[in-house]
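One structure is given below, encoded as structure tokens.
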Amino acid sequence: MEILRAIKERRSVRKYGDSPVEREKLDLCLEAARLAPSACNIRPYRFIILEGAARDEFAENAFSGLYSVTRFAAKAPALAVLVSSKTSLTGFLGRQVQGVNFKLVDIGIAGEHFVLQARELGLGTCWIGWFDKKKAKKALKLGSGEDPELVISVGYPDETPPERKRKKTTEISEYRNNL
Ligand SMILES: Cc1cc2nc3c(=O)[nH]c(=O)nc-3n(C[C@H](O)[C@H](O)[C@H](O)COP(=O)(O)O)c2cc1C
């Protein structure tokens, strides 16, 4: 029941108060992410948490020009950058053989664990896919084996976003007894 409440109450929060996010709370979100399932248990990613000057410099690069619509994230007290590693064998095999990017699936699951734990702790988050990956990678000084895939902004909510429309359960699922 508790998990369903966090799921129902979660919204994308794009306005944050000035209070910093306590390190213990970020650690709990990271612990939730660490426990996420992952194809072949490889976890081909890491989270880089940016605060203060690091957050400012990253935002300056990642949310500029075409990507300035995502500028709201520059005001989040913390940014979690989800970085994928290229060394993943499952990622390679998944894409080559099955055409499935397991690396991104893994990142999605871990990120949502993070987000739901944040909600449970009274924090607001927003998934951000719209950012300048090239500039972000350079700003983070990542090597050729790593790529920033997604960002999650984190902070205490300074808005109460409305519940967004969802498809009906029958539109996203079906039960079958026979094929
Ligand atoms: C993978 C992913 C990428 C997203 N990228 C952005 C983004 O770049 N900018 C933004 O404002 N919201 C972004 N969102 C948030 C969605 O717009 C939001 O989840 C959706 O509109 C539903 O609203 P809700 O989260 O409040 O339920 C992203 C969400 C996901 C899952």
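Residue numbers start at 1 in each chain; chains themselves are named A, B, ... in the order of the structure tokens; ligands are numbered from 1 in the order shown.
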| Taking only C-alpha atoms and all ligand atoms into account, which residues are within 6 Å of ligand 1, as a ChimeraX atom specification? | /A:11-12,70,126-130,164
| field | alpha helix (DSSP H) per DSSP on the backbone: members of segment 3-161 of chain A, as a PyMOL selection string | value | chain A and resi 3-9+23-34+52-62+89-93+102-120+133-139
| said: With only C-alpha atoms as the counted atoms, please give the residues lying no more than 8 Å from Leu116 of chain A, apart from itself and same-chain residues fewer than 6 positions off, as a VMD selection string. | reply: chain A and resid 6 to 7 10
Let's have the selection written as a CSV table (one decimal), in the first residue's frame, with N, CA and C atoms.
```csv
chain,number,residue,atom,x,y,z
A,6,ALA,N,2.9,6.4,-2.8
A,6,ALA,CA,4.0,7.2,-3.3
A,6,ALA,C,3.9,7.3,-4.8
A,7,ILE,N,3.5,6.2,-5.5
A,7,ILE,CA,3.3,6.2,-6.9
A,7,ILE,C,2.2,7.2,-7.3
A,10,ARG,N,3.2,11.0,-6.6
A,10,ARG,CA,4.3,11.6,-7.3
A,10,ARG,C,3.9,12.4,-8.5
```
| field | Residue nearest Pro77 of chain A among A:Arg14, A:Arg55, A:Lys103, A:Arg46 (counting only C-alpha atoms) | value |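 Once distances to Pro77 of chain A are computed over only C-alpha atoms, the minimum belongs to A:Arg55.
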| said: From a backbone DSSP assignment, name each residue in segment 30-133 of chain A labelled strand (DSSP E or B), as a VMD selection string. | reply: chain A and resid 45 to 51 78 to 85 124 to 128
Mind writing the picked residues with all heavy atoms as a compact mmCIF listing (two decimals), in the first residue's frame?
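What ended up in result28.txt:
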```txt
# COMPACT_ATOMS: atom_id res chain seq x y z
N TYR A 45 25.59 1.63 -15.02
CA TYR A 45 25.36 3.07 -14.83
C TYR A 45 25.88 3.51 -13.47
O TYR A 45 26.19 2.69 -12.61
CB TYR A 45 23.85 3.39 -14.88
CG TYR A 45 23.01 2.54 -13.95
CD1 TYR A 45 22.96 2.80 -12.59
CD2 TYR A 45 22.28 1.45 -14.44
CE1 TYR A 45 22.19 2.01 -11.73
CE2 TYR A 45 21.52 0.66 -13.59
CZ TYR A 45 21.48 0.95 -12.24
OH TYR A 45 20.75 0.16 -11.39
N ARG A 46 25.99 4.83 -13.33
CA ARG A 46 26.21 5.40 -12.00
C ARG A 46 25.48 6.73 -11.92
O ARG A 46 25.14 7.33 -12.96
CB ARG A 46 27.69 5.54 -11.68
CG ARG A 46 28.45 6.51 -12.58
CD ARG A 46 29.94 6.46 -12.25
NE ARG A 46 30.70 7.29 -13.18
CZ ARG A 46 31.49 8.30 -12.80
NH1 ARG A 46 31.60 8.61 -11.53
NH2 ARG A 46 32.14 9.00 -13.71
N PHE A 47 25.23 7.15 -10.71
CA PHE A 47 24.55 8.43 -10.47
C PHE A 47 25.61 9.45 -10.05
O PHE A 47 26.38 9.18 -9.13
CB PHE A 47 23.54 8.30 -9.33
CG PHE A 47 22.28 7.57 -9.67
CD1 PHE A 47 22.31 6.22 -10.03
CD2 PHE A 47 21.05 8.21 -9.62
CE1 PHE A 47 21.14 5.53 -10.33
CE2 PHE A 47 19.87 7.52 -9.92
CZ PHE A 47 19.91 6.19 -10.28
N ILE A 48 25.61 10.60 -10.69
CA ILE A 48 26.48 11.68 -10.22
C ILE A 48 25.57 12.77 -9.67
O ILE A 48 24.71 13.29 -10.38
CB ILE A 48 27.36 12.23 -11.37
CG1 ILE A 48 28.25 11.11 -11.92
CG2 ILE A 48 28.21 13.40 -10.87
CD1 ILE A 48 29.14 11.53 -13.08
N ILE A 49 25.73 13.05 -8.38
CA ILE A 49 24.89 14.06 -7.74
C ILE A 49 25.61 15.41 -7.76
O ILE A 49 26.75 15.51 -7.29
CB ILE A 49 24.57 13.68 -6.27
CG1 ILE A 49 23.99 12.26 -6.18
CG2 ILE A 49 23.61 14.71 -5.64
CD1 ILE A 49 22.62 12.06 -6.77
N LEU A 50 24.95 16.40 -8.33
CA LEU A 50 25.56 17.72 -8.45
C LEU A 50 24.85 18.71 -7.54
O LEU A 50 23.62 18.80 -7.56
CB LEU A 50 25.46 18.21 -9.90
CG LEU A 50 26.08 17.29 -10.96
CD1 LEU A 50 25.73 17.81 -12.35
CD2 LEU A 50 27.58 17.18 -10.77
N GLU A 51 25.65 19.45 -6.78
CA GLU A 51 25.09 20.48 -5.91
C GLU A 51 25.97 21.72 -6.04
O GLU A 51 27.11 21.64 -6.52
CB GLU A 51 25.10 20.01 -4.45
CG GLU A 51 24.22 18.79 -4.20
CD GLU A 51 24.39 18.19 -2.81
OE1 GLU A 51 25.53 17.80 -2.47
OE2 GLU A 51 23.41 18.10 -2.08
N ALA A 78 19.56 20.00 -6.11
CA ALA A 78 20.44 18.90 -6.52
C ALA A 78 19.99 18.34 -7.86
O ALA A 78 18.80 18.30 -8.17
CB ALA A 78 20.43 17.80 -5.46
N LEU A 79 20.98 17.91 -8.62
CA LEU A 79 20.70 17.22 -9.89
C LEU A 79 21.38 15.86 -9.84
O LEU A 79 22.57 15.77 -9.50
CB LEU A 79 21.27 18.02 -11.07
CG LEU A 79 20.68 19.40 -11.35
CD1 LEU A 79 21.46 20.08 -12.48
CD2 LEU A 79 19.20 19.29 -11.72
N ALA A 80 20.62 14.83 -10.17
CA ALA A 80 21.22 13.49 -10.27
C ALA A 80 21.39 13.20 -11.75
O ALA A 80 20.40 13.14 -12.49
CB ALA A 80 20.32 12.46 -9.61
N VAL A 81 22.62 13.04 -12.18
CA VAL A 81 22.86 12.71 -13.59
C VAL A 81 23.06 11.20 -13.69
O VAL A 81 23.88 10.62 -12.98
CB VAL A 81 24.10 13.43 -14.16
CG1 VAL A 81 24.20 13.22 -15.66
CG2 VAL A 81 24.05 14.92 -13.83
N LEU A 82 22.25 10.56 -14.52
CA LEU A 82 22.34 9.11 -14.70
C LEU A 82 23.27 8.84 -15.88
O LEU A 82 22.94 9.16 -17.02
CB LEU A 82 20.95 8.51 -14.94
CG LEU A 82 20.10 8.34 -13.68
CD1 LEU A 82 19.59 9.66 -13.18
CD2 LEU A 82 18.94 7.42 -13.95
N VAL A 83 24.41 8.28 -15.54
CA VAL A 83 25.47 8.09 -16.53
C VAL A 83 25.58 6.61 -16.89
O VAL A 83 25.72 5.76 -16.00
CB VAL A 83 26.81 8.61 -15.95
CG1 VAL A 83 27.97 8.29 -16.88
CG2 VAL A 83 26.73 10.09 -15.67
N SER A 84 25.53 6.30 -18.16
CA SER A 84 25.64 4.89 -18.57
C SER A 84 27.09 4.55 -18.88
O SER A 84 27.87 5.42 -19.26
CB SER A 84 24.79 4.64 -19.82
OG SER A 84 25.37 5.29 -20.93
N SER A 85 27.43 3.29 -18.68
CA SER A 85 28.79 2.87 -19.06
C SER A 85 28.72 2.00 -20.31
O SER A 85 27.83 1.16 -20.45
CB SER A 85 29.47 2.14 -17.91
OG SER A 85 28.56 1.31 -17.25
N GLY A 124 10.52 16.63 -4.17
CA GLY A 124 9.96 16.69 -5.51
C GLY A 124 11.08 16.40 -6.52
O GLY A 124 12.24 16.77 -6.30
N THR A 125 10.72 15.75 -7.60
CA THR A 125 11.72 15.43 -8.63
C THR A 125 11.12 15.66 -10.02
O THR A 125 9.90 15.71 -10.16
CB THR A 125 12.14 13.94 -8.56
OG1 THR A 125 10.97 13.14 -8.70
CG2 THR A 125 12.86 13.60 -7.28
N CYS A 126 11.99 15.75 -10.99
CA CYS A 126 11.52 15.72 -12.38
C CYS A 126 12.56 15.00 -13.23
O CYS A 126 13.76 15.30 -13.15
CB CYS A 126 11.30 17.15 -12.92
SG CYS A 126 10.53 17.16 -14.56
N TRP A 127 12.11 14.04 -13.98
CA TRP A 127 12.97 13.38 -14.96
C TRP A 127 13.25 14.38 -16.07
O TRP A 127 12.32 15.06 -16.54
CB TRP A 127 12.24 12.20 -15.60
CG TRP A 127 12.22 10.92 -14.86
CD1 TRP A 127 11.25 10.49 -14.00
CD2 TRP A 127 13.19 9.86 -14.95
NE1 TRP A 127 11.56 9.23 -13.54
CE2 TRP A 127 12.74 8.82 -14.11
CE3 TRP A 127 14.38 9.71 -15.65
CZ2 TRP A 127 13.45 7.63 -13.96
CZ3 TRP A 127 15.10 8.54 -15.51
CH2 TRP A 127 14.63 7.51 -14.67
N ILE A 128 14.48 14.44 -16.53
CA ILE A 128 14.81 15.36 -17.63
C ILE A 128 15.61 14.62 -18.71
O ILE A 128 16.73 14.15 -18.46
CB ILE A 128 15.64 16.55 -17.10
CG1 ILE A 128 14.78 17.36 -16.12
CG2 ILE A 128 16.09 17.45 -18.25
CD1 ILE A 128 15.57 18.29 -15.26
```
| request: For Tyr67 of chain A, list every protein, DNA or RNA residue within 9 Å, evaluated using only C-alpha atoms, and leave out those in the same chain fewer than 5 positions away; present the list as a count of residues only. | output: 4
